[in-house]
Structures are given as C-alpha cells and as structure tokens.
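Structure record follows, encoded as structure tokens.
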Amino acid sequence: MLAGTSLFGAASLLAGLAPSFTLLVLARLLQGAGEAIALPAAMATIVLMFPEGPRRSRALSVWAAVAGCGLVLGFALSGVITAHLGWRWIFLISVPFILAVFVAALLLIEADRPVARGSAPLDLPGTLLLTACPLLFTYGVVKAGEPGTSHWVSLTALAGAVLAGAGFVRVEARSPHPLVPLGFFANRARVAANVTTMLLSGALSTSFLLFTFYLQDALGIGPLGAGLTMLPLAVALVVASVLVPQLLGRWGARVCVLAGLGFTTGAMATIALVAALDAGAPWLIPAMVLIAAGMGFGLVGLQYIAVSGATDEDAGIASGVQRAADQFGGAGGVTVYVGIGFAPALHPADPFLTATTLAADGLII
C-alpha cells in the first residue's frame, strides 16, 4: 500500500509538471499503476482488520463512501481548480494529501509480513494477456465510433480482446504460480458479485459523464457551475453511507445489492427523461440522489459478498479481483459511451455502428 501510494504521488507530481502531452500520458499511466498497487492492499487491510459481520459492513461502507465522495468531489472541485488555478493543479493538489496518507499509514497500520515464504516467479504471460484484453477492447470500441475507420480494425481488435481473455484463462489453468488461481472462482457468489460490480460500475461511471455533458453542453453551464451543481450527489452519498451499514445487517447483502441496482436503473432513466425534455439542472437532483443510493447500497453489498470468506492467504486476491472488476467496469462503461455513444450522430445509416450501439446500450443497462 505504501509503495502504491508513493508511486501515485510521484506520478501526480509528474503530471502536474509535465512539459509535454507524451509525458502527461506517461504520468497518467503511472498513476494507474500506483492505484492498482495501493487500493487492493488497502482493501485487503480492511478485510483482515475487521471480521465478517457488522464491523466489516460498516468499514466497507465507510470505504465506499470515501471513494465515492472522492470521485464526486473530483468532478466538482476540478471545475473550481481549473477556473482559478489552472489544469495542472488538478494533479498537484493531491500531492500533500498523499503525503498525509503515507504518514498516517506508517503511524496507524501495523506492519505485516507476507503469508507465503519465499518468492514465486511473476506470472508474466498471464499479466500480459490480462492487460491486453481491456486494452484491445477499448481500442476496438473507440475505433468503431471513429469516422473513416475500417470496420475490420475494430472487429480485429475486439476479436483480439476475446482471444486474450480466453488465453488468460488457459494460461492460469496451467501456470504453477497463477496470477489469479482459477479455484478462486469456484465460489459462485464471488463470481456473481464481481460480474455485477463490473456492470454497475459501468453504469455509474457513465452517469457522471452524462451529468457533465448535459450540464456543460446542453445547458451551457461552465466548469465551475457544473462542479457545484454536483455537490448534492456528494451529500446524498454521505447520507447513504450512514444508512447502509444498518440496513446491510438488517436486510442482508443480497437485498442491498438488488436495491442498489434498482436505484441505479431509476437514475439512468431519470437522466434520459431530463435530457429528452431539455429540463433545467435542478431536475437532475433526483437522479443524483438515486445514483448516490445506487453506489451506497449496490457497491457496498457487492464488496461484502466479493470478500466474504476471505482468509489471510487469499484476502489480497479477493480484494484485487474486486477492485479490478470495479475499474474494468468503470473504464468499459466510459469507453462504450464515448466510443460508440456518439456514433449514430456521426453516421446514422451505418448498420455496423447501429448494431454495435444497440449491443453497447444493452451492456450499460
């Protein structure tokens, strides 16, 4: 966790000071690597510190609330920062907070030792295949909505993503030291929780884009006003984080997940209705409240199921898979929306894009 936090902080500093676009992209890549190292370790720490039951559900609720508020406040404050300090401070402002987290982790979290003795070799083939799968998917979807791009480019990339995913499963089945042991997925509840996390995260991340595009492009509100308009979402998310731990113990994780999915569905429908009627910004507040409820109920319940039964040996794997599902879902939702969502407006008569758009809409729903 300390290594990932350090890498993320250094990359944030590099992004804020980047003299070129290429270096900025590299810094963003390093930020992603730092997050990928730190977050599963942090979540595994929560799993090991709090046993299953009310304490863990409360801890995961706080985790989800903090993560959700960070996401929402990032959207809200980025407009303020960009308007008054410039875009570089979007990255630089996180550096002192990262230093504070680093010091707090040293003081408050006991040092632990690896469970397994010795060092197992890195599963390099599995790592490369697991990385190639979402990259090829993203490239194929984005190219599908790009004017003048041959359909064969998109189809080849998407086929490559499927082959990379299948190859990953095959490699993991034969590897003596797999990146993710396939036996981990013998638990059907975990599999269902992680798959649902991907779909729910895709819808949630897309909703933030919808809010931003509608407020700025359709209503003509500037970055500062659009950011402030989204503050009710952060407030509603904090309220949801207070209620969810109590309801999780009373209703159970499954009911909370179903409630979260229902709230998210209602939010997406509300956004579509507001956009269809060209309604003003206040009409988006119900959608923001529903999104907060969807995140609070859905993601907390899914996280609880995804790490249920985790031991010292597989707590890191359970946390890593859950975080990967969340990130893949969020990135996939944004990719589908940005890559294909605008395609019908660019070439409305294209049957390939029409079919792909319908499939993408079904994925997000």
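Here's how to read the names in the structure tokens: chain A, B, ... by the order shown, residue numbers from 1 in each chain, ligand numbers from 1 in the order shown.
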
Find the residues near segment 42-47 of chain A: any atom within 10 Å, counting only C-alpha atoms, skip ones fewer than 3 places away on the same chain, and give them as JSON, numbers by chain.
-> {"A": [1, 2, 4, 37, 38, 39, 50, 51, 52, 56, 57, 59, 60, 63, 105, 109, 110, 112, 303, 304, 307, 308, 309, 310, 311, 312, 314, 315, 316, 317, 318, 319, 320, 322, 323]}

Would you mind listing what lies within 7 Å of segment 191-200 of chain A as a PDB file with C-alpha atoms, in the first residue's frame, with only C-alpha atoms counted and same-chain residues fewer than 2 positions away left out?
ATOM      1  CA  PHE A 185     -13.771 -18.550  -8.863  1.00  0.00           C
ATOM      2  CA  ASN A 187     -17.340 -19.633  -5.247  1.00  0.00           C
ATOM      3  CA  ARG A 188     -20.370 -18.700  -7.381  1.00  0.00           C
ATOM      4  CA  ALA A 189     -21.357 -15.836  -5.093  1.00  0.00           C
ATOM      5  CA  GLY A 202     -20.073   0.855 -15.913  1.00  0.00           C
ATOM      6  CA  ALA A 203     -23.473   2.448 -15.378  1.00  0.00           C
ATOM      7  CA  LEU A 204     -22.270   4.646 -12.510  1.00  0.00           C
ATOM      8  CA  LEU A 299     -21.239  -1.335  -4.268  1.00  0.00           C
ATOM      9  CA  LEU A 302     -21.162  -6.322  -3.698  1.00  0.00           C
ATOM     10  CA  ILE A 305     -20.067 -10.555  -0.942  1.00  0.00           C
ATOM     11  CA  ALA A 306     -16.864 -10.435  -3.014  1.00  0.00           C
ATOM     12  CA  GLN A 322     -12.919  -6.925  -6.730  1.00  0.00           C
ATOM     13  CA  ALA A 325     -13.796  -5.635 -11.616  1.00  0.00           C
ATOM     14  CA  ASP A 326     -14.721  -2.159 -10.406  1.00  0.00           C
ATOM     15  CA  PHE A 328     -12.734  -2.616 -15.648  1.00  0.00           C
ATOM     16  CA  GLY A 329     -16.427  -1.890 -15.371  1.00  0.00           C
ATOM     17  CA  GLY A 330     -15.956   1.835 -14.944  1.00  0.00           C
ATOM     18  CA  ILE A 364     -24.548  -0.458 -19.911  1.00  0.00           C
TER      19      ILE A 364
END

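The closest residue to Pro134 of chain A, picked from A:Val338, A:Leu224, A:Val300, A:Ala331 and counting only C-alpha atoms, is A:Ala331.
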
List every residue of segment 4-148 of chain A that DSSP, applied to the backbone, labels as alpha helix (DSSP H), and write the result as number ranges by chain.
-> A: 4-17, 21-49, 54-84, 89-92, 94-108, 124-144

For segment 151-157 of chain A, please output as number ranges by chain all residues within 10 Å (counting only C-alpha atoms; exclusion window: fewer than 4 positions along the same chain).
-> A: 133, 135-146, 161-163, 352-353

Contacts of Leu17 of chain A within 9 Å, only C-alpha atoms, excl. fewer than 2 positions in-chain, as a PyMOL selection string | chain A and resi 12-15+19+24+88+91-92

Save out the residues we just selected, all heavy atoms, as an mmCIF file, in the first residue's frame.
data_model
loop_
_atom_site.group_PDB
_atom_site.id
_atom_site.type_symbol
_atom_site.label_atom_id
_atom_site.label_comp_id
_atom_site.auth_asym_id
_atom_site.auth_seq_id
_atom_site.Cartn_x
_atom_site.Cartn_y
_atom_site.Cartn_z
ATOM 1 N N SER A 12 1.517 11.902 -9.776
ATOM 2 C CA SER A 12 0.687 13.108 -9.740
ATOM 3 C C SER A 12 1.557 14.354 -9.867
ATOM 4 O O SER A 12 1.205 15.307 -10.580
ATOM 5 C CB SER A 12 -0.114 13.159 -8.436
ATOM 6 O OG SER A 12 -0.977 12.054 -8.320
ATOM 7 N N LEU A 13 2.688 14.346 -9.182
ATOM 8 C CA LEU A 13 3.618 15.473 -9.295
ATOM 9 C C LEU A 13 4.150 15.589 -10.719
ATOM 10 O O LEU A 13 4.233 16.693 -11.276
ATOM 11 C CB LEU A 13 4.765 15.286 -8.303
ATOM 12 C CG LEU A 13 5.805 16.404 -8.238
ATOM 13 C CD1 LEU A 13 5.174 17.709 -7.785
ATOM 14 C CD2 LEU A 13 6.946 16.011 -7.300
ATOM 15 N N LEU A 14 4.491 14.447 -11.320
ATOM 16 C CA LEU A 14 4.976 14.446 -12.701
ATOM 17 C C LEU A 14 3.911 14.954 -13.666
ATOM 18 O O LEU A 14 4.209 15.735 -14.591
ATOM 19 C CB LEU A 14 5.413 13.033 -13.101
ATOM 20 C CG LEU A 14 5.904 12.846 -14.543
ATOM 21 C CD1 LEU A 14 7.137 13.702 -14.820
ATOM 22 C CD2 LEU A 14 6.199 11.366 -14.821
ATOM 23 N N ALA A 15 2.656 14.544 -13.462
ATOM 24 C CA ALA A 15 1.579 15.004 -14.342
ATOM 25 C C ALA A 15 1.380 16.508 -14.230
ATOM 26 O O ALA A 15 1.155 17.199 -15.229
ATOM 27 C CB ALA A 15 0.279 14.270 -13.996
ATOM 28 N N PRO A 19 5.921 18.766 -19.148
ATOM 29 C CA PRO A 19 6.102 19.796 -20.176
ATOM 30 C C PRO A 19 5.511 19.407 -21.528
ATOM 31 O O PRO A 19 5.465 20.235 -22.437
ATOM 32 C CB PRO A 19 7.622 19.919 -20.267
ATOM 33 C CG PRO A 19 8.130 18.549 -19.921
ATOM 34 C CD PRO A 19 7.159 17.994 -18.913
ATOM 35 N N LEU A 24 2.685 13.663 -20.012
ATOM 36 C CA LEU A 24 1.442 13.667 -19.239
ATOM 37 C C LEU A 24 0.752 12.303 -19.317
ATOM 38 O O LEU A 24 0.270 11.775 -18.308
ATOM 39 C CB LEU A 24 0.510 14.764 -19.751
ATOM 40 C CG LEU A 24 -0.879 14.834 -19.100
ATOM 41 C CD1 LEU A 24 -0.763 15.098 -17.605
ATOM 42 C CD2 LEU A 24 -1.726 15.918 -19.767
ATOM 43 N N ARG A 88 -3.139 22.193 -14.283
ATOM 44 C CA ARG A 88 -2.043 21.452 -13.653
ATOM 45 C C ARG A 88 -2.300 21.181 -12.173
ATOM 46 O O ARG A 88 -1.870 20.161 -11.634
ATOM 47 C CB ARG A 88 -0.730 22.219 -13.810
ATOM 48 C CG ARG A 88 -0.237 22.282 -15.263
ATOM 49 C CD ARG A 88 1.102 22.971 -15.375
ATOM 50 N NE ARG A 88 1.549 23.040 -16.762
ATOM 51 C CZ ARG A 88 2.214 22.068 -17.378
ATOM 52 N NH1 ARG A 88 2.519 20.963 -16.717
ATOM 53 N NH2 ARG A 88 2.588 22.194 -18.629
ATOM 54 N N PHE A 91 -3.739 17.890 -10.641
ATOM 55 C CA PHE A 91 -2.830 16.829 -10.216
ATOM 56 C C PHE A 91 -2.003 17.250 -9.004
ATOM 57 O O PHE A 91 -1.803 16.467 -8.074
ATOM 58 C CB PHE A 91 -1.890 16.460 -11.367
ATOM 59 C CG PHE A 91 -2.600 16.020 -12.608
ATOM 60 C CD1 PHE A 91 -2.684 16.850 -13.722
ATOM 61 C CD2 PHE A 91 -3.201 14.775 -12.675
ATOM 62 C CE1 PHE A 91 -3.342 16.454 -14.867
ATOM 63 C CE2 PHE A 91 -3.870 14.367 -13.817
ATOM 64 C CZ PHE A 91 -3.936 15.204 -14.916
ATOM 65 N N LEU A 92 -1.527 18.486 -8.991
ATOM 66 C CA LEU A 92 -0.623 18.921 -7.927
ATOM 67 C C LEU A 92 -1.310 18.994 -6.570
ATOM 68 O O LEU A 92 -0.681 18.764 -5.534
ATOM 69 C CB LEU A 92 -0.029 20.295 -8.280
ATOM 70 C CG LEU A 92 0.878 20.336 -9.520
ATOM 71 C CD1 LEU A 92 1.311 21.771 -9.817
ATOM 72 C CD2 LEU A 92 2.105 19.448 -9.309
#
